[in-house]
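Shown next, in structure tokens, is the structure this report addresses.
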Amino acid sequence: MDNQTRKDIQTATWRIRRKLLDNTIEALADIVKDADINLTNDAIRAIDSINTLRMDIDRRLYLIREGE
């Protein structure tokens, strides 16, 4: 496997992970909006953790794009 193919696979893998996290956040937002409820501290921490993972994935994608 050449470097470009490896880079393409890594990029696709991280983009899939990022999209899954984006969908999770959107689903949580829909649940909260539809139920018209306030978030608990646990839910806020969970969203914060997901956002941290999203930032980590964005950083990894940047590193792949820049050639590490």
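Chains: A, B, ... in order of the structure tokens. Residues: from 1 per chain. Ligands: from 1, in order shown.
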
Inset, instruction - Tell me, as a list in words, which residues lie within 12 Å of stretch 25-27 of chain A, counting only C-alpha atoms; anything in the same chain fewer than 6 positions away does not count. - result: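 Final neighbour list, sorted by chain and number: Arg18, Lys19, Lys33, Asp34, Ala43, Ile44, Ala46, Ile47, Asp48, Ser49, Ile50, Asn51, Leu53 and Arg54 of chain A.
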
Those same residues, written as a tab-separated table (two decimals), in the first residue's frame with all heavy atoms?
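Below you can see selection16.tsv, which holds the result:
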```tsv
chain	number	residue	atom	x	y	z
A	18	ARG	N	-15.85	11.28	12.84
A	18	ARG	CA	-16.31	12.66	13.08
A	18	ARG	C	-17.80	12.78	12.77
A	18	ARG	O	-18.56	13.39	13.51
A	18	ARG	CB	-15.47	13.62	12.23
A	18	ARG	CG	-15.87	15.08	12.32
A	18	ARG	CD	-15.59	15.64	13.71
A	18	ARG	NE	-15.41	17.07	13.74
A	18	ARG	CZ	-16.40	17.94	13.85
A	18	ARG	NH1	-17.64	17.55	13.89
A	18	ARG	NH2	-16.13	19.22	13.92
A	19	LYS	N	-18.22	12.18	11.67
A	19	LYS	CA	-19.63	12.24	11.27
A	19	LYS	C	-20.52	11.54	12.29
A	19	LYS	O	-21.61	12.02	12.61
A	19	LYS	CB	-19.81	11.62	9.88
A	19	LYS	CG	-21.20	11.75	9.33
A	19	LYS	CD	-21.56	13.18	9.07
A	19	LYS	CE	-22.92	13.29	8.43
A	19	LYS	NZ	-23.36	14.66	8.32
A	33	LYS	N	-34.75	19.26	22.48
A	33	LYS	CA	-35.72	20.21	21.92
A	33	LYS	C	-37.14	19.64	21.94
A	33	LYS	O	-38.08	20.30	22.36
A	33	LYS	CB	-35.32	20.58	20.49
A	33	LYS	CG	-36.21	21.63	19.86
A	33	LYS	CD	-35.74	21.96	18.46
A	33	LYS	CE	-36.25	20.89	17.54
A	33	LYS	NZ	-35.99	21.11	16.14
A	34	ASP	N	-37.26	18.39	21.51
A	34	ASP	CA	-38.59	17.76	21.45
A	34	ASP	C	-39.18	17.55	22.84
A	34	ASP	O	-40.38	17.71	23.03
A	34	ASP	CB	-38.52	16.42	20.72
A	34	ASP	CG	-38.26	16.59	19.23
A	34	ASP	OD1	-38.43	17.72	18.71
A	34	ASP	OD2	-37.87	15.60	18.58
A	43	ALA	N	-25.49	15.00	31.29
A	43	ALA	CA	-25.68	15.20	29.86
A	43	ALA	C	-24.73	16.28	29.34
A	43	ALA	O	-24.16	16.15	28.26
A	43	ALA	CB	-27.12	15.57	29.55
A	44	ILE	N	-24.56	17.32	30.11
A	44	ILE	CA	-23.64	18.40	29.71
A	44	ILE	C	-22.21	17.88	29.64
A	44	ILE	O	-21.48	18.19	28.69
A	44	ILE	CB	-23.77	19.60	30.67
A	44	ILE	CG1	-25.13	20.26	30.49
A	44	ILE	CG2	-22.64	20.61	30.45
A	44	ILE	CD1	-25.48	21.27	31.55
A	46	ALA	N	-21.37	14.79	29.04
A	46	ALA	CA	-21.31	13.89	27.89
A	46	ALA	C	-21.12	14.68	26.60
A	46	ALA	O	-20.30	14.32	25.75
A	46	ALA	CB	-22.57	13.04	27.81
A	47	ILE	N	-21.87	15.76	26.45
A	47	ILE	CA	-21.73	16.61	25.25
A	47	ILE	C	-20.35	17.23	25.20
A	47	ILE	O	-19.72	17.29	24.14
A	47	ILE	CB	-22.84	17.67	25.22
A	47	ILE	CG1	-24.19	17.00	24.96
A	47	ILE	CG2	-22.55	18.75	24.18
A	47	ILE	CD1	-25.38	17.90	25.14
A	48	ASP	N	-19.84	17.66	26.33
A	48	ASP	CA	-18.50	18.23	26.39
A	48	ASP	C	-17.46	17.19	25.97
A	48	ASP	O	-16.53	17.51	25.23
A	48	ASP	CB	-18.20	18.76	27.80
A	48	ASP	CG	-16.89	19.50	27.87
A	48	ASP	OD1	-16.66	20.39	27.01
A	48	ASP	OD2	-16.08	19.18	28.77
A	49	SER	N	-17.63	15.97	26.41
A	49	SER	CA	-16.71	14.89	26.03
A	49	SER	C	-16.76	14.62	24.53
A	49	SER	O	-15.73	14.42	23.88
A	49	SER	CB	-17.03	13.60	26.79
A	49	SER	OG	-16.81	13.78	28.16
A	50	ILE	N	-17.96	14.62	23.99
A	50	ILE	CA	-18.11	14.41	22.54
A	50	ILE	C	-17.44	15.54	21.78
A	50	ILE	O	-16.73	15.31	20.79
A	50	ILE	CB	-19.59	14.27	22.16
A	50	ILE	CG1	-20.16	12.96	22.71
A	50	ILE	CG2	-19.78	14.35	20.64
A	50	ILE	CD1	-21.67	12.84	22.60
A	51	ASN	N	-17.63	16.76	22.23
A	51	ASN	CA	-16.98	17.90	21.56
A	51	ASN	C	-15.47	17.81	21.64
A	51	ASN	O	-14.77	18.17	20.69
A	51	ASN	CB	-17.50	19.21	22.11
A	51	ASN	CG	-18.86	19.55	21.59
A	51	ASN	OD1	-19.21	19.19	20.46
A	51	ASN	ND2	-19.66	20.22	22.39
A	53	LEU	N	-13.76	15.01	21.72
A	53	LEU	CA	-13.40	14.00	20.73
A	53	LEU	C	-13.46	14.58	19.31
A	53	LEU	O	-12.59	14.28	18.48
A	53	LEU	CB	-14.34	12.79	20.83
A	53	LEU	CG	-14.17	11.90	22.05
A	53	LEU	CD1	-15.31	10.89	22.13
A	53	LEU	CD2	-12.83	11.20	22.02
A	54	ARG	N	-14.45	15.40	19.05
A	54	ARG	CA	-14.57	16.03	17.73
A	54	ARG	C	-13.35	16.90	17.44
A	54	ARG	O	-12.81	16.88	16.33
A	54	ARG	CB	-15.85	16.85	17.63
A	54	ARG	CG	-17.10	15.98	17.57
A	54	ARG	CD	-18.36	16.73	17.84
A	54	ARG	NE	-18.65	17.73	16.84
A	54	ARG	CZ	-19.69	18.55	16.89
A	54	ARG	NH1	-20.55	18.46	17.87
A	54	ARG	NH2	-19.88	19.43	15.96
```

Inset, instruction - Go ahead and compute the interatomic distance for atom CA of A:Leu61 and atom CA of A:Arg6, in Å to one decimal. - result: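 It comes out at 13.0 Å.
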
Legend entry - Close residues, A:Asn38 itself excluded, 12 Å, only C-alpha atoms, min 6 positions apart in chain, as a PyMOL selection string: chain A and resi 28-29+31-32+44

Legend entry - Given only C-alpha atoms as the counted atoms, nearest of A:Arg60, A:Met1, A:Thr40, A:Asp30 to A:Arg15: A:Arg60

Inset, instruction - Have a look at A:Asp42, A:Asp58, A:Asp2, A:Glu66 and name the one nearest to A:Ile16; count only C-alpha atoms. - result: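 Smallest distance to A:Ile16 is found for A:Asp58.
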
Please provide as a PDB file with N, CA, C and O atoms, in the first residue's frame all residues within 12 Å of A:Thr5, with the sequence filter that same-chain residues fewer than 6 positions apart are discarded (counting only C-alpha atoms).
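Output file selection26.pdb follows:
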```pdb
ATOM      1  N   THR A  11      -7.799   9.229   6.378  1.00  0.00           N
ATOM      2  CA  THR A  11      -8.699  10.378   6.296  1.00  0.00           C
ATOM      3  C   THR A  11     -10.152   9.926   6.308  1.00  0.00           C
ATOM      4  O   THR A  11     -10.978  10.475   7.049  1.00  0.00           O
ATOM      5  N   ALA A  12     -10.476   8.927   5.519  1.00  0.00           N
ATOM      6  CA  ALA A  12     -11.856   8.429   5.463  1.00  0.00           C
ATOM      7  C   ALA A  12     -12.293   7.883   6.812  1.00  0.00           C
ATOM      8  O   ALA A  12     -13.418   8.145   7.260  1.00  0.00           O
ATOM      9  N   ILE A  64      -3.050  14.620   9.158  1.00  0.00           N
ATOM     10  CA  ILE A  64      -2.996  13.755   7.974  1.00  0.00           C
ATOM     11  C   ILE A  64      -2.899  14.600   6.720  1.00  0.00           C
ATOM     12  O   ILE A  64      -2.089  14.341   5.833  1.00  0.00           O
TER      13      ILE A  64
END
```

Inset, instruction - Measure the distance from atom CA of A:Trp14 to atom CA of A:Asp56 in Å and round it to one decimal. - result: 9.9 Å

Inset, instruction - Could you check how far atom CA of A:Leu63 sits from atom CA of A:Asn23, in Å to one decimal? - result: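 Between atom CA of A:Leu63 and atom CA of A:Asn23 the gap works out to 23.3 Å.
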